[in-house]
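Content type compact mmCIF, C-alpha atoms, from the file structure.txt:
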# COMPACT_ATOMS: atom_id res chain seq x y z
CA MET D 28 0.00 0.00 0.00
CA PRO D 29 1.42 3.41 -0.90
CA HIS D 30 2.84 5.51 1.96
CA ILE D 31 0.40 8.33 1.11
CA LYS D 32 -3.15 8.59 -0.23
CA LEU D 33 -2.76 8.91 -3.99
CA ASN D 34 -6.48 9.48 -4.65
CA ASN D 35 -6.25 6.92 -7.45
CA GLN D 36 -5.73 3.18 -7.67
CA LEU D 37 -3.17 3.26 -10.47
CA PRO D 38 -0.05 1.16 -9.85
CA GLY D 39 3.65 2.06 -9.94
CA ILE D 40 4.68 5.30 -11.55
CA THR D 41 1.27 5.81 -13.17
CA GLY D 42 -0.39 6.52 -9.81
CA LEU D 43 2.39 8.93 -8.79
CA LEU D 44 2.20 10.84 -12.07
CA GLU D 45 -1.56 11.23 -11.63
CA TYR D 46 -1.07 12.32 -7.98
CA ARG D 47 0.95 15.38 -8.88
CA LEU D 48 0.28 16.44 -12.45
CA ASP D 49 2.58 19.48 -12.50
CA THR D 50 5.75 17.51 -11.70
CA ALA D 51 4.50 14.66 -13.93
CA LEU D 52 4.64 16.85 -17.02
CA PRO D 53 8.45 17.41 -17.17
CA ILE D 54 9.10 13.82 -16.00
CA ARG D 55 6.98 12.49 -18.88
CA GLU D 56 8.57 14.93 -21.34
CA LEU D 57 12.15 14.04 -20.35
CA THR D 58 11.36 10.34 -20.76
CA GLU D 59 9.69 10.87 -24.14
CA ILE D 60 12.72 12.81 -25.46
CA LEU D 61 15.31 10.39 -24.11
CA LEU D 62 13.62 7.09 -24.92
CA ARG D 63 11.60 7.81 -28.04
CA GLN D 64 12.72 10.85 -30.01
CA GLU D 65 15.09 10.45 -32.95
CA ASN D 66 18.41 9.02 -31.80
CA SER D 67 21.23 6.89 -33.19
CA LEU D 68 20.31 4.37 -30.47
CA THR D 69 17.10 2.52 -31.33
CA ARG D 70 14.09 2.70 -29.03
CA GLY D 71 14.70 -0.92 -28.12
CA GLU D 72 18.32 -0.20 -27.19
CA ARG D 73 17.30 2.70 -24.97
CA GLU D 74 14.56 0.65 -23.30
CA LEU D 75 17.19 -2.03 -22.67
CA ILE D 76 19.22 0.49 -20.63
CA ALA D 77 16.06 1.38 -18.64
CA SER D 78 15.35 -2.33 -18.07
CA LEU D 79 18.86 -3.12 -16.87
CA VAL D 80 19.02 -0.20 -14.42
CA SER D 81 15.53 -0.94 -13.04
CA SER D 82 16.40 -4.61 -12.56
CA LYS D 83 19.62 -3.72 -10.70
CA ASN D 84 17.60 -1.42 -8.45
CA GLU D 85 15.19 -4.36 -7.98
CA CYS D 86 12.22 -2.19 -8.87
CA PHE D 87 9.56 -4.81 -9.71
CA TYR D 88 7.15 -2.43 -11.45
CA CYS D 89 9.71 -0.58 -13.59
CA THR D 90 11.63 -3.73 -14.49
CA ASN D 91 8.50 -5.55 -15.66
CA ALA D 92 7.23 -2.50 -17.52
CA HIS D 93 10.45 -1.76 -19.41
CA VAL D 94 11.48 -5.38 -20.04
CA THR D 95 8.06 -5.84 -21.62
CA VAL D 96 8.41 -2.70 -23.75
CA THR D 97 11.90 -3.81 -24.81
CA ASN D 98 10.66 -7.30 -25.74
CA GLN D 99 7.80 -5.81 -27.75
CA LEU D 100 10.19 -3.51 -29.61
CA LEU D 101 12.82 -6.21 -30.25
CA GLY D 102 10.27 -8.91 -31.07
CA GLU D 103 12.01 -11.44 -28.81
CA GLU D 104 12.73 -12.02 -25.12
CA GLU D 105 16.19 -13.57 -25.16
CA THR D 106 18.09 -10.29 -25.20
CA THR D 107 16.50 -8.79 -22.09
CA HIS D 108 16.79 -12.17 -20.35
CA CYS D 109 20.58 -12.23 -20.91
CA VAL D 110 21.05 -8.57 -20.04
CA ILE D 111 19.12 -8.51 -16.75
CA HIS D 112 20.57 -11.84 -15.63
CA ASN D 113 24.19 -10.69 -15.58
CA ASP D 114 25.07 -12.06 -18.97
CA ILE D 115 25.45 -8.95 -21.13
CA ASP D 116 28.28 -10.49 -23.12
CA SER D 117 26.11 -13.39 -24.36
CA ALA D 118 23.29 -11.10 -25.54
CA LYS D 119 22.82 -10.78 -29.29
CA ILE D 120 23.50 -7.04 -29.32
CA SER D 121 26.32 -4.94 -30.76
CA ASP D 122 29.62 -4.53 -28.94
CA LYS D 123 28.74 -0.84 -28.68
CA MET D 124 25.53 -1.65 -26.80
CA LYS D 125 27.39 -4.05 -24.51
CA ALA D 126 29.85 -1.27 -23.69
CA LEU D 127 27.05 1.26 -23.09
CA LEU D 128 25.17 -1.16 -20.84
CA LYS D 129 28.32 -1.57 -18.77
CA ILE D 130 28.46 2.21 -18.33
CA ALA D 131 24.80 2.15 -17.27
CA LEU D 132 25.65 -0.48 -14.66
CA GLN D 133 28.33 1.81 -13.24
CA VAL D 134 25.94 4.79 -13.15
CA GLN D 135 23.39 2.66 -11.29
CA LYS D 136 25.95 2.17 -8.50
CA SER D 137 27.18 5.79 -8.50
CA GLY D 138 28.21 8.48 -10.94
CA LYS D 139 31.68 8.17 -9.41
CA GLU D 140 31.88 4.53 -10.50
CA VAL D 141 32.00 5.39 -14.21
CA THR D 142 35.54 4.65 -15.31
CA LYS D 143 37.69 6.09 -18.10
CA VAL D 144 38.27 2.49 -19.19
CA ALA D 145 34.54 1.89 -19.66
CA ILE D 146 34.19 5.16 -21.61
CA LYS D 147 37.22 4.34 -23.80
CA ASN D 148 35.82 0.86 -24.44
CA ALA D 149 32.49 2.37 -25.56
CA LYS D 150 34.27 4.83 -27.86
CA ASP D 151 36.49 2.05 -29.26
CA CYS D 152 33.30 0.10 -30.03
CA GLY D 153 31.94 3.06 -32.00
CA ALA D 154 29.84 4.92 -29.41
CA ASN D 155 29.70 8.66 -30.06
CA ASP D 156 29.50 11.41 -27.45
CA ASN D 157 25.71 11.74 -27.69
CA GLU D 158 25.23 8.02 -27.13
CA ILE D 159 27.47 8.06 -24.06
CA HIS D 160 25.67 11.16 -22.76
CA ASP D 161 22.24 9.64 -23.28
CA THR D 162 23.24 6.34 -21.69
CA VAL D 163 24.37 8.15 -18.53
CA LEU D 164 21.24 10.33 -18.44
CA ILE D 165 18.83 7.43 -19.11
CA ALA D 166 20.52 5.39 -16.36
CA SER D 167 20.27 8.37 -13.99
CA LEU D 168 16.63 8.98 -14.89
CA PHE D 169 15.70 5.37 -14.16
CA CYS D 170 17.40 5.58 -10.77
CA LEU D 171 15.05 8.53 -10.13
CA TYR D 172 12.06 6.46 -11.29
CA ASN D 173 13.02 3.40 -9.26
CA LYS D 174 13.57 5.43 -6.07
CA TYR D 175 10.31 7.34 -6.60
CA VAL D 176 8.24 4.22 -7.31
CA ASP D 177 9.64 2.12 -4.46
CA GLY D 178 10.23 5.03 -2.06
CA MET D 179 6.48 5.75 -2.17
CA ALA D 180 5.68 2.01 -1.78
CA THR D 181 3.42 1.97 -4.83
CA ILE D 182 1.52 -1.18 -5.70
CA ALA D 183 2.62 -3.38 -8.62
CA PRO D 184 0.39 -5.84 -10.48
CA LYS D 185 1.73 -9.40 -10.56
CA GLU D 186 0.00 -10.40 -13.81
CA GLN D 187 2.12 -10.16 -16.96
CA GLU D 188 -1.03 -9.23 -18.86
CA TYR D 189 -1.03 -5.82 -17.15
CA TYR D 190 2.52 -5.12 -18.40
CA ASN D 191 1.68 -6.41 -21.89
CA GLN D 192 -1.15 -3.88 -22.19
CA LEU D 193 0.93 -1.09 -20.60
CA GLY D 194 3.79 -1.94 -22.98
CA HIS D 195 1.59 -1.68 -26.06
CA LYS D 196 0.30 1.71 -24.90
CA ILE D 197 3.88 2.95 -24.40
CA VAL D 198 5.05 1.56 -27.74
CA ASP D 199 2.06 3.04 -29.59
CA PHE D 200 1.57 6.36 -27.81
CA GLY D 201 4.73 7.09 -25.80
CA TYR D 202 5.25 8.60 -22.38
CA ASN D 203 3.39 11.88 -22.67
CA ARG D 204 -0.10 10.41 -22.66
CA ARG D 205 -1.96 10.15 -19.36
CA PRO D 206 -3.39 6.71 -18.51
CA GLN D 207 -6.61 5.80 -20.26
CA ASN D 208 -8.48 2.58 -19.70
CA LEU D 209 -5.58 0.85 -18.02
CA PRO D 210 -6.60 -2.61 -16.84
CA LYS D 211 -8.17 -2.69 -13.38
CA ILE D 212 -5.96 -3.98 -10.61
CA LYS D 213 -7.03 -6.81 -8.35
CA HIS D 214 -6.94 -5.90 -4.64
CA MET W 11 37.90 16.50 -17.67
CA PRO W 12 34.45 15.46 -18.90
CA HIS W 13 34.14 12.07 -20.61
CA ILE W 14 32.75 13.76 -23.74
CA LYS W 15 33.29 17.06 -25.55
CA LEU W 16 30.65 19.39 -24.13
CA ASN W 17 31.44 22.27 -26.52
CA ASN W 18 31.40 24.62 -23.53
CA GLN W 19 33.58 25.18 -20.50
CA LEU W 20 30.76 25.41 -17.97
CA PRO W 21 31.24 23.27 -14.85
CA GLY W 22 29.01 20.67 -13.21
CA ILE W 23 25.40 20.44 -14.29
CA THR W 24 25.54 23.81 -16.11
CA GLY W 25 27.78 22.39 -18.84
CA LEU W 26 25.57 19.30 -19.28
CA LEU W 27 22.39 21.37 -19.52
CA GLU W 28 24.00 23.52 -22.22
CA TYR W 29 25.24 20.41 -24.04
CA ARG W 30 21.76 19.04 -24.65
CA LEU W 31 19.18 21.81 -24.48
CA ASP W 32 16.12 19.68 -25.22
CA THR W 33 16.58 17.37 -22.24
CA ALA W 34 17.70 20.35 -20.13
CA LEU W 35 14.30 22.02 -20.44
CA PRO W 36 12.23 19.42 -18.51
CA ILE W 37 15.07 18.87 -16.02
CA ARG W 38 15.15 22.61 -15.26
CA GLU W 39 11.34 22.79 -15.11
CA LEU W 40 11.02 19.84 -12.71
CA THR W 41 13.60 21.42 -10.41
CA GLU W 42 11.93 24.83 -10.52
CA ILE W 43 8.54 23.33 -9.59
CA LEU W 44 9.89 21.09 -6.82
CA LEU W 45 12.35 23.48 -5.19
CA ARG W 46 10.86 26.91 -5.76
CA GLN W 47 7.14 26.93 -6.51
CA GLU W 48 4.63 27.49 -3.70
CA ASN W 49 4.88 24.72 -1.13
CA SER W 50 4.29 24.21 2.57
CA LEU W 51 8.02 23.40 2.80
CA THR W 52 10.13 26.56 2.51
CA ARG W 53 12.65 26.94 -0.29
CA GLY W 54 15.40 26.61 2.32
CA GLU W 55 13.94 23.35 3.63
CA ARG W 56 13.72 21.89 0.13
CA GLU W 57 17.30 22.97 -0.70
CA LEU W 58 18.37 21.29 2.54
CA ILE W 59 17.01 17.97 1.22
CA ALA W 60 18.95 18.53 -2.04
CA SER W 61 22.12 19.35 -0.06
CA LEU W 62 21.87 16.27 2.16
CA VAL W 63 21.30 13.85 -0.73
CA SER W 64 24.10 15.39 -2.82
CA SER W 65 26.51 15.19 0.12
CA LYS W 66 25.66 11.52 0.74
CA ASN W 67 26.31 10.84 -2.96
CA GLU W 68 29.61 12.73 -2.50
CA CYS W 69 28.88 14.93 -5.50
CA PHE W 70 31.25 17.87 -4.90
CA TYR W 71 29.65 20.26 -7.39
CA CYS W 72 26.01 19.65 -6.37
CA THR W 73 26.79 19.62 -2.65
CA ASN W 74 28.64 22.94 -2.80
CA ALA W 75 26.00 24.51 -5.01
CA HIS W 76 22.99 23.51 -2.90
CA VAL W 77 24.64 23.98 0.51
CA THR W 78 25.46 27.51 -0.62
CA VAL W 79 21.90 28.15 -1.84
CA THR W 80 20.52 26.76 1.44
CA ASN W 81 22.85 28.95 3.50
CA GLN W 82 21.87 32.01 1.49
CA LEU W 83 18.16 31.23 1.98
CA LEU W 84 18.49 30.45 5.71
CA GLY W 85 20.93 33.30 6.39
CA GLU W 86 23.23 31.03 8.41
CA GLU W 87 25.57 28.04 7.85
CA GLU W 88 25.12 26.05 11.05
CA THR W 89 22.05 24.13 9.88
CA THR W 90 23.58 22.71 6.70
CA HIS W 91 26.79 21.97 8.62
CA CYS W 92 24.88 19.80 11.15
CA VAL W 93 22.73 18.13 8.50
CA ILE W 94 25.47 17.11 6.08
CA HIS W 95 27.80 16.02 8.90
CA ASN W 96 25.50 13.28 10.21
CA ASP W 97 24.00 15.36 12.99
CA ILE W 98 20.45 16.00 11.81
CA ASP W 99 19.08 15.80 15.35
CA SER W 100 21.25 18.73 16.56
CA ALA W 101 20.18 21.01 13.71
CA LYS W 102 17.89 23.91 14.60
CA ILE W 103 15.07 22.72 12.35
CA SER W 104 11.58 21.40 13.09
CA ASP W 105 10.99 17.80 14.13
CA LYS W 106 9.02 17.48 10.89
CA MET W 107 12.09 18.48 8.82
CA LYS W 108 14.29 16.09 10.79
CA ALA W 109 11.85 13.28 9.98
CA LEU W 110 11.67 14.24 6.29
CA LEU W 111 15.47 14.41 6.02
CA LYS W 112 15.66 10.90 7.45
CA ILE W 113 13.28 9.73 4.70
CA ALA W 114 15.53 11.47 2.13
CA LEU W 115 18.52 9.58 3.55
CA GLN W 116 16.68 6.30 2.99
CA VAL W 117 15.73 7.25 -0.58
CA GLN W 118 19.37 8.09 -1.30
CA LYS W 119 20.28 4.48 -0.45
CA SER W 120 17.32 2.92 -2.27
CA GLY W 121 13.59 3.42 -2.65
CA LYS W 122 13.23 0.06 -0.94
CA GLU W 123 14.96 1.42 2.18
CA VAL W 124 12.11 3.78 3.02
CA THR W 125 10.43 2.31 6.10
CA LYS W 126 6.87 2.54 7.38
CA VAL W 127 8.41 3.64 10.70
CA ALA W 128 10.13 6.62 9.05
CA ILE W 129 6.89 7.57 7.26
CA LYS W 130 4.84 7.23 10.47
CA ASN W 131 7.41 9.33 12.33
CA ALA W 132 7.14 12.08 9.70
CA LYS W 133 3.33 12.01 9.87
CA ASP W 134 3.42 12.05 13.70
CA CYS W 135 5.64 15.15 13.45
CA GLY W 136 3.04 16.87 11.28
CA ALA W 137 4.22 16.09 7.73
CA ASN W 138 1.36 15.88 5.25
CA ASP W 139 1.14 13.63 2.22
CA ASN W 140 2.40 16.30 -0.20
CA GLU W 141 5.46 16.97 1.93
CA ILE W 142 6.31 13.27 2.09
CA HIS W 143 5.78 12.95 -1.65
CA ASP W 144 7.94 15.96 -2.45
CA THR W 145 10.70 14.81 -0.10
CA VAL W 146 10.89 11.45 -1.90
CA LEU W 147 10.80 13.08 -5.34
CA ILE W 148 13.39 15.76 -4.49
CA ALA W 149 15.71 13.09 -3.06
CA SER W 150 15.21 10.97 -6.20
CA LEU W 151 15.82 13.96 -8.49
CA PHE W 152 19.09 14.80 -6.76
CA CYS W 153 20.26 11.21 -7.15
CA LEU W 154 19.65 11.75 -10.88
CA TYR W 155 21.62 15.00 -10.78
CA ASN W 156 24.51 13.53 -8.81
CA LYS W 157 24.81 10.51 -11.10
CA TYR W 158 24.58 12.70 -14.21
CA VAL W 159 27.16 15.23 -12.99
CA ASP W 160 29.70 12.69 -11.72
CA GLY W 161 28.91 10.02 -14.32
CA MET W 162 29.96 12.49 -17.03
CA ALA W 163 33.08 13.50 -15.02
CA THR W 164 32.22 17.20 -15.20
CA ILE W 165 34.63 19.73 -13.79
CA ALA W 166 33.92 21.51 -10.49
CA PRO W 167 35.42 24.83 -9.38
CA LYS W 168 37.21 24.69 -6.03
CA GLU W 169 36.67 28.36 -5.13
CA GLN W 170 33.72 29.09 -2.85
CA GLU W 171 33.29 32.40 -4.70
CA TYR W 172 32.00 30.51 -7.75
CA TYR W 173 29.27 28.84 -5.66
CA ASN W 174 28.39 32.14 -3.95
CA GLN W 175 27.72 33.75 -7.32
CA LEU W 176 25.89 30.68 -8.63
CA GLY W 177 23.83 30.59 -5.44
CA HIS W 178 22.73 34.21 -5.79
CA LYS W 179 21.69 33.57 -9.39
CA ILE W 180 19.62 30.54 -8.33
CA VAL W 181 18.06 32.39 -5.37
CA ASP W 182 17.22 35.43 -7.52
CA PHE W 183 16.26 33.84 -10.85
CA GLY W 184 15.61 30.13 -10.22
CA TYR W 185 16.41 27.06 -12.24
CA ASN W 186 14.81 27.85 -15.57
CA ARG W 187 17.32 30.51 -16.64
CA ARG W 188 20.25 29.46 -18.79
CA PRO W 189 23.70 30.54 -17.53
CA GLN W 190 24.64 34.14 -18.15
CA ASN W 191 27.95 35.67 -17.18
CA LEU W 192 28.90 32.85 -14.86
CA PRO W 193 32.38 33.39 -13.43
CA LYS W 194 35.19 32.05 -15.63
CA ILE W 195 36.78 28.84 -14.47
CA LYS W 196 40.50 28.54 -13.93
CA HIS W 197 42.13 25.79 -15.98
Just give me the structure as structure tokens.
Amino acid sequence: MPHIKLNNQLPGITGLLEYRLDTALPIRELTEILLRQENSLTRGERELIASLVSSKNECFYCTNAHVTVTNQLLGEEETTHCVIHNDIDSAKISDKMKALLKIALQVQKSGKEVTKVAIKNAKDCGANDNEIHDTVLIASLFCLYNKYVDGMATIAPKEQEYYNQLGHKIVDFGYNRRPQNLPKIKH
Amino acid sequence: MPHIKLNNQLPGITGLLEYRLDTALPIRELTEILLRQENSLTRGERELIASLVSSKNECFYCTNAHVTVTNQLLGEEETTHCVIHNDIDSAKISDKMKALLKIALQVQKSGKEVTKVAIKNAKDCGANDNEIHDTVLIASLFCLYNKYVDGMATIAPKEQEYYNQLGHKIVDFGYNRRPQNLPKIKH
């Protein structure tokens, strides 16, 4: 049960964004720009960063939501499975993405953990400055999300069907749209 | 030296916000709403949360910036000194603020660290739902900032005079204004 009365029964971040609409607006906008606007990293690659960071922070709601979005975008589940189960190197992704995910892992621990070696490795694998920048900012943003969602003790549906429907709404309409007809949660 | 070419010589977060202006806009806006718009927590109290979280994350730039802003708003330095040196209970602040700062400390570690006991304590000390919400979100936002600033290896001036001038600009004009005539950095 959430630590405060949200005046809605929406789970995870969706209930928090409906609780305070003025702060929700820039949070939604930042996410839309970083994860969906034109970028040399695909939407699936950026969602993979969000999935990895959320799983390391053990945020059940965010991990399920973004793993599902990533799977829907990639059209398969093997990649996220490898990445969130400590097997980045076996995932069928580019060396550049492997290097960027390793930077995201460092950011999840602390900004101070990001090493010159990890940055050089990413550059050697072809990552440009924008891609490194966006990886660090996406990882930082999902630490915000994970702390917000779990710090407020929001509820999280257990049924995968909820995340499938949420995922399709995110894939189709993005992060700026307020929830409409989200599936009811069992209490 | 920053991990990427920022195309400016601005330190800390200021250089990152100038590097990518589209993501800077919602980051600035979220900060302005949370730290400066009308709220039952004073601007000084909200900056104190930002200072504490930044100091726990050992982010030199953010800690100096927000401690300075807090000191300027409170008109004294003793409070921030107590709070960031693990002596919240000795600080001359309300019991409510002490309880909220302890929630912020838990968020800094992980959203999952926030305890029902800490929430109940804050409510018993008079904190309302909005204040608890904003404390969690401010703490989460500054974890984003700290990871972004240190994860990109931005430079940070050592001279307190830089932070004094930055602080006055923040106090007078807020977070939405892009840097103008910031003091030059020694290289």
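The coordinates place CA of Asp105 in chain W at 20.8 Å from CA of Met179 in chain D.
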- Message: Give me, as number ranges by chain, the residues of chain W touching chain D, with the criterion being at most 8 Å (counting all atoms listed in the file).
- Response: W: 13-15, 32-33, 36-37, 39-40, 43-44, 67, 117-118, 120-124, 126, 129, 139, 142-143, 146-147, 150-151, 153-163
- Computed interatomic separation between CA of Ala166 in chain W and CA of Ser61 in chain W (Å): 15.9 Å
- Considering only C-alpha atoms, return as a PyMOL selection string whatever protein or nucleic-acid residues lie within 9 Å of range 87-96 of chain D, sequence-local ones (same chain, fewer than 6 positions apart) excluded. chain D and resi 38-40+71+74-75+77-81+104+107-108+111+169+172-173+176-177+181-185+187+189-191+193-195+197-198
- For CA of Ser65 in chain W and CA of Glu171 in chain W, the interatomic separation in Å (one decimal):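 Value for the CA of Ser65 in chain W-CA of Glu171 in chain W distance: 19.1 Å.
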- Query: Could you pull the residues within 6 Å of Arg56 in chain W, counting all atoms listed in the file, minus those fewer than 3 positions along the same chain, as a list in words?
  - Reply: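 Here the answer would be Leu45, Arg53 and Ile59 of chain W.
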